[in-house]
Amino acid sequence: MKKSLLFLLLVLLIPAINSQAQVVISQVYGGGGNSGATFTNDFIELFNAGNAPASLSGLSLQYASATGTGNFGFITVLPAVSLEPGRYYLVQQSGGATGSPLPTPDATGTMAMSATAGKIVLVTGTTSLGCNGGSTPCNADAVSRIIDLVGYGRGTTGANYFEGSGPAPTISATSAAFRVANGCTDSGNNATDFAAGAPAPRNNQTAANPCSPISVMLSINDVTITEGNTGTATATFSVTLSQPALAGGVTFDVATADNTAAAGSDYVAKSLTGQTIPAGSMFYAFNIIINGDQESEPDETFFVNVTNVTGAAVADGQGTGTIKNDDDAPITPIYTIQGSGPASPLVGQIVTTSGVVNGDYQGSSSLNGFFIQDATGDGNTATSDGIFVFSNTPVSVGQIVRVTGTVREVFSQTQIGNTGDSTVVAVQPGAATLTPTVVSLPVSSTAQLEQYEGMLVTFPQVLTVSQNFTLARFGEVWLSADLDYPFNEMDGRLYNPTNFIDPTDNPASGVANAAVAAQQDLHNRASILRDDGRSVQNPATVPYLGPDNTLRALPRSGQHPARGQHGEQPDRCSGLRVQRLPDSANPSTRLYLCSPTRYAAFHRQCQSEDCQL
């Protein structure tokens, strides 16, 4: 009787183990490799029972025998990975020769676990708890490190340290201890939270098993904008969900509120009710008009409040708009932003620049932005005078604009602003006409086209449609300049190098197929991909088709192939998505594309092709 009272007293003095942990031990198997074993290795399976990703960085698994005097040891340090909600994580331990191999483990350790009874803890830190919960009780500091504890094995030889009223069931070489409800049950009682069954190890590739619908969280960002000296600018606030909206969508009200900035003078007040993010979507844009002035004043702020939200929980319902004074803001020329290398030297910095709009690609079916170009440039052929601006502030080709935003590199193209950024655009008085820069194909190298990125350029020679495979899907055609071939086919088409070059020939350089590679490089330098300037795939109306609904490179016999239209007025192109295009033969090759500034048709026997890179 005295012994029972002493045991009860010890139990009452043990600090409570953390319950309702996000990452839990969901399965334990210690019979790996034993006689008659189902699997060759012991294993411990973890599970994210929460509704948000959980990091395993800085955590470890530790083992102690069921009733022995040794402290928790056999430490397995977990890697710095993130475990998504409803996902399992398989940690393989020691084993033997009997049984089937485990599925691919996500981590491995060296624990020699008992096949029937033992104690396992998931803890914060990578050093031993310095206790075993039995002969050496765990103090409050040790218990505070325990994220989850599973004592398994019942009876006199069962685990003497566990969560709740008793340990998980005794297991064997052919059974494992499972956390019920596929890992979702965590009442803090090993006796009821676990059941024995045939081992079924699950790893991170196993289908997710979320314990409850993942909460949709709503937040609105903060925006910093430059007011401009005249006219107006647009500040775009993004209302964002943590995951796509569920059935029925998410609805809310959104409105501005004064702080140090005043509605009417500094910005235009705006209030909307019943706004919706439909099911499957995650974003909503709320545009606020900012009034420009030339008054020297401190930076000012106003608020955008999201209220009456249904279909989502609110993580951050207030966005702050900061209106920065730009009366003394210096202009950074476009060519300085571009720099002389493949990427801008000012990436990540907020800059203010100005230029002439030379191509407008706004709208969700296009690029959500436009190109501007310095009207005079710096005369340096190594630096481009044009740049892309990510903004849907209305502009027109020929307008002079002032732009403030963050310098980004997107798909190898330098641009101002990107999704989530605030790009301020102020239209300046006056207009300008740009003179296209002449670029002749073939260029000396495909990288040469980098110096014309975002600029209006013209190709003076006849360009031939040499490939239209992606015309119907992406609105693209390859154009090429006439090249000299060792046969009489001066029709502008590009002929496969191996049609007239022996692919097995090794020239004096000793490089196999060097002649083929050189010819292909010439083809790359003589080509430009023309895009229709839209981001839609498989458009209802295929661009560039002539009156007879054809656009093709004709065979050797017959008429000349279709050539790029010039006609009485030049058909200009603008450089959208100037980027490195895939080239499986030479991944380092830079191929470029251009797009028209206005819709164009193609005709046979034409003069030239104006494009903007």
# chains A, B, ... in the order shown; residues from 1 in each chain; ligands from 1

call {"tool": "residues_around", "arguments": {"residues": "Val150 in chain A", "least_positions_apart": "5", "cutoff": "6 Å", "atoms": "only C-alpha atoms", "output": "list in words"}}
result
Lys119, Ile120 and Phe162 of chain A

call {"tool": "residues_around", "arguments": {"residues": "Gln349 in chain A", "least_positions_apart": "6", "cutoff": "12 Å", "atoms": "only C-alpha atoms", "output": "list in words"}}
result
Thr332, Ile337, Thr404, Gly405, Thr406, Val407, Arg408, Glu409, Gln415, Ile416, Gly417 and Asp421 of chain A

call {"tool": "write_last_selection", "arguments": {"atoms": "C-alpha atoms", "output": "CSV table (one decimal), in the first residue's frame"}}
result
chain,number,residue,atom,x,y,z
A,332,THR,CA,18.3,57.8,-61.9
A,337,ILE,CA,19.6,51.3,-63.8
A,404,THR,CA,9.3,55.3,-58.8
A,405,GLY,CA,9.6,51.6,-57.7
A,406,THR,CA,11.9,48.7,-56.8
A,407,VAL,CA,14.4,47.4,-59.4
A,408,ARG,CA,13.8,43.7,-60.1
A,409,GLU,CA,15.2,41.0,-62.4
A,415,GLN,CA,12.2,46.0,-64.7
A,416,ILE,CA,10.8,48.4,-62.1
A,417,GLY,CA,8.3,46.8,-59.8
A,421,ASP,CA,5.5,46.0,-55.2

call {"tool": "atom_distance", "arguments": {"atom1": "CA of Ile220 in chain A", "atom2": "CA of Val304 in chain A"}}
result
8.3 Å

call {"tool": "atom_distance", "arguments": {"atom1": "CA of Thr381 in chain A", "atom2": "CA of Ser340 in chain A"}}
result
8.7 Å

call {"tool": "atom_distance", "arguments": {"atom1": "CA of Ala107 in chain A", "atom2": "CA of Ser94 in chain A"}}
result
12.1 Å

call {"tool": "select_by_dssp", "arguments": {"residues": "range 142-210 of chain A", "states": "strand (DSSP E)", "output": "ChimeraX atom specification"}}
result
/A:146-152,176-179,194-197

call {"tool": "residues_around", "arguments": {"residues": "Leu129 in chain A", "least_positions_apart": "6", "cutoff": "8 Å", "atoms": "only C-alpha atoms", "output": "ChimeraX atom specification"}}
result
/A:71-72,138,142,145

call {"tool": "select_by_dssp", "arguments": {"residues": "range 143-330 of chain A", "states": "helix (DSSP H, G or I)", "output": "list in words"}}
result
Val143, Ser144, Arg145, Ala181, Asn182, Gly183, Asn190, Ala191, Thr192 and Asp193 of chain A

call {"tool": "closest_atom_pairs", "arguments": {"of": "range 351-444 of chain A", "to": "range 224-229 of chain A", "cutoff": "7 Å", "atoms": "only C-alpha atoms", "output": "JSON lines"}}
result
{"residue": "A:Thr404", "atom": "CA", "partner": "A:Thr226", "partner_atom": "CA", "distance": 6.6}
{"residue": "A:Ser422", "atom": "CA", "partner": "A:Ile225", "partner_atom": "CA", "distance": 6.4}
{"residue": "A:Val424", "atom": "CA", "partner": "A:Ile225", "partner_atom": "CA", "distance": 6.0}
{"residue": "A:Ala426", "atom": "CA", "partner": "A:Gly228", "partner_atom": "CA", "distance": 6.2}

call {"tool": "write_last_selection", "arguments": {"atoms": "C-alpha atoms", "output": "mmCIF file, in the first residue's frame"}}
result
data_model
loop_
_atom_site.group_PDB
_atom_site.id
_atom_site.type_symbol
_atom_site.label_atom_id
_atom_site.label_comp_id
_atom_site.auth_asym_id
_atom_site.auth_seq_id
_atom_site.Cartn_x
_atom_site.Cartn_y
_atom_site.Cartn_z
ATOM 1 C CA THR A 404 9.297 55.256 -58.761
ATOM 2 C CA SER A 422 4.026 49.525 -55.352
ATOM 3 C CA VAL A 424 4.199 54.960 -58.705
ATOM 4 C CA ALA A 426 3.076 60.115 -62.795
#

call {"tool": "residues_around", "arguments": {"residues": "range 192-195 of chain A", "least_positions_apart": "6", "cutoff": "8 Å", "atoms": "only C-alpha atoms", "output": "list in words"}}
result
Ala168, Pro169, Ala177, Phe178, Arg179, Val180, Thr185 and Asp186 of chain A

call {"tool": "write_last_selection", "arguments": {"atoms": "N, CA and C atoms", "output": "PDB file, in the first residue's frame"}}
result
ATOM      1  N   ALA A 168       0.941   3.559 -24.280  1.00  0.00           N
ATOM      2  CA  ALA A 168       0.381   2.980 -25.499  1.00  0.00           C
ATOM      3  C   ALA A 168       0.509   1.462 -25.423  1.00  0.00           C
ATOM      4  N   PRO A 169      -0.185   0.716 -26.291  1.00  0.00           N
ATOM      5  CA  PRO A 169      -0.167  -0.751 -26.200  1.00  0.00           C
ATOM      6  C   PRO A 169       1.229  -1.345 -26.379  1.00  0.00           C
ATOM      7  N   ALA A 177       2.586   0.736 -32.806  1.00  0.00           N
ATOM      8  CA  ALA A 177       1.657   1.584 -32.059  1.00  0.00           C
ATOM      9  C   ALA A 177       1.278   2.761 -32.944  1.00  0.00           C
ATOM     10  N   PHE A 178      -0.015   2.896 -33.247  1.00  0.00           N
ATOM     11  CA  PHE A 178      -0.533   3.952 -34.118  1.00  0.00           C
ATOM     12  C   PHE A 178      -1.271   5.015 -33.310  1.00  0.00           C
ATOM     13  N   ARG A 179      -1.020   6.276 -33.606  1.00  0.00           N
ATOM     14  CA  ARG A 179      -1.879   7.339 -33.090  1.00  0.00           C
ATOM     15  C   ARG A 179      -3.169   7.281 -33.893  1.00  0.00           C
ATOM     16  N   VAL A 180      -4.305   7.206 -33.220  1.00  0.00           N
ATOM     17  CA  VAL A 180      -5.568   6.981 -33.907  1.00  0.00           C
ATOM     18  C   VAL A 180      -5.975   8.194 -34.741  1.00  0.00           C
ATOM     19  N   THR A 185      -5.522  12.446 -33.548  1.00  0.00           N
ATOM     20  CA  THR A 185      -5.971  12.455 -32.155  1.00  0.00           C
ATOM     21  C   THR A 185      -4.805  12.735 -31.219  1.00  0.00           C
ATOM     22  N   ASP A 186      -4.949  13.770 -30.384  1.00  0.00           N
ATOM     23  CA  ASP A 186      -3.907  14.086 -29.401  1.00  0.00           C
ATOM     24  C   ASP A 186      -4.582  14.668 -28.163  1.00  0.00           C
TER      25      ASP A 186
END

call {"tool": "residues_around", "arguments": {"residues": "range 204-218 of chain A", "least_positions_apart": "4", "cutoff": "6 Å", "atoms": "only C-alpha atoms", "output": "MDAnalysis selection string"}}
result
chainID A and resid 49 51 86:89 184 240:243 312:315

call {"tool": "residues_around", "arguments": {"residues": "Thr104 in chain A", "least_positions_apart": "6", "cutoff": "9 Å", "atoms": "only C-alpha atoms", "output": "list in words"}}
result
Leu90, Gln92, Asn203 and Gln205 of chain A

call {"tool": "write_last_selection", "arguments": {"atoms": "all heavy atoms", "output": "PDB file, in the first residue's frame"}}
result
ATOM      1  N   LEU A  90       8.962  10.089 -42.094  1.00  0.00           N
ATOM      2  CA  LEU A  90       9.435   8.774 -41.670  1.00  0.00           C
ATOM      3  C   LEU A  90      10.909   8.838 -41.275  1.00  0.00           C
ATOM      4  O   LEU A  90      11.760   9.216 -42.088  1.00  0.00           O
ATOM      5  CB  LEU A  90       9.236   7.764 -42.807  1.00  0.00           C
ATOM      6  CG  LEU A  90       9.606   6.318 -42.503  1.00  0.00           C
ATOM      7  CD1 LEU A  90       8.749   5.765 -41.374  1.00  0.00           C
ATOM      8  CD2 LEU A  90       9.459   5.455 -43.756  1.00  0.00           C
ATOM      9  N   GLN A  92      13.848   6.475 -40.115  1.00  0.00           N
ATOM     10  CA  GLN A  92      14.326   5.087 -40.002  1.00  0.00           C
ATOM     11  C   GLN A  92      15.360   4.978 -38.889  1.00  0.00           C
ATOM     12  O   GLN A  92      16.207   5.864 -38.712  1.00  0.00           O
ATOM     13  CB  GLN A  92      14.926   4.662 -41.333  1.00  0.00           C
ATOM     14  CG  GLN A  92      15.557   3.269 -41.328  1.00  0.00           C
ATOM     15  CD  GLN A  92      16.114   2.896 -42.681  1.00  0.00           C
ATOM     16  OE1 GLN A  92      15.374   2.631 -43.610  1.00  0.00           O
ATOM     17  NE2 GLN A  92      17.437   2.906 -42.798  1.00  0.00           N
ATOM     18  N   ASN A 203       5.700   8.098 -45.322  1.00  0.00           N
ATOM     19  CA  ASN A 203       6.732   9.125 -45.447  1.00  0.00           C
ATOM     20  C   ASN A 203       6.130  10.402 -46.017  1.00  0.00           C
ATOM     21  O   ASN A 203       4.915  10.518 -46.198  1.00  0.00           O
ATOM     22  CB  ASN A 203       7.918   8.633 -46.284  1.00  0.00           C
ATOM     23  CG  ASN A 203       7.511   8.256 -47.702  1.00  0.00           C
ATOM     24  OD1 ASN A 203       6.433   8.628 -48.181  1.00  0.00           O
ATOM     25  ND2 ASN A 203       8.365   7.505 -48.391  1.00  0.00           N
ATOM     26  N   GLN A 205       6.036  11.496 -48.878  1.00  0.00           N
ATOM     27  CA  GLN A 205       5.394  11.338 -50.177  1.00  0.00           C
ATOM     28  C   GLN A 205       3.989  10.765 -50.063  1.00  0.00           C
ATOM     29  O   GLN A 205       3.240  10.740 -51.040  1.00  0.00           O
ATOM     30  CB  GLN A 205       6.245  10.447 -51.081  1.00  0.00           C
ATOM     31  CG  GLN A 205       7.655  10.970 -51.322  1.00  0.00           C
ATOM     32  CD  GLN A 205       7.639  12.373 -51.892  1.00  0.00           C
ATOM     33  OE1 GLN A 205       6.951  12.639 -52.878  1.00  0.00           O
ATOM     34  NE2 GLN A 205       8.400  13.273 -51.286  1.00  0.00           N
TER      35      GLN A 205
END

call {"tool": "residues_around", "arguments": {"residues": "Thr126 in chain A", "least_positions_apart": "3", "cutoff": "7 Å", "atoms": "only C-alpha atoms", "output": "PyMOL selection string"}}
result
chain A and resi 58-60+77

call {"tool": "closest_residue", "arguments": {"among": "A:Ser172, A:Val81, A:Ser344, A:Asp141", "to": "Asn34 in chain A", "atoms": "only C-alpha atoms"}}
result
A:Ser172

call {"tool": "closest_residue", "arguments": {"among": "A:Ala255, A:Ala517, A:Thr414, A:Phe283", "to": "Pro345 in chain A", "atoms": "only C-alpha atoms"}}
result
A:Thr414
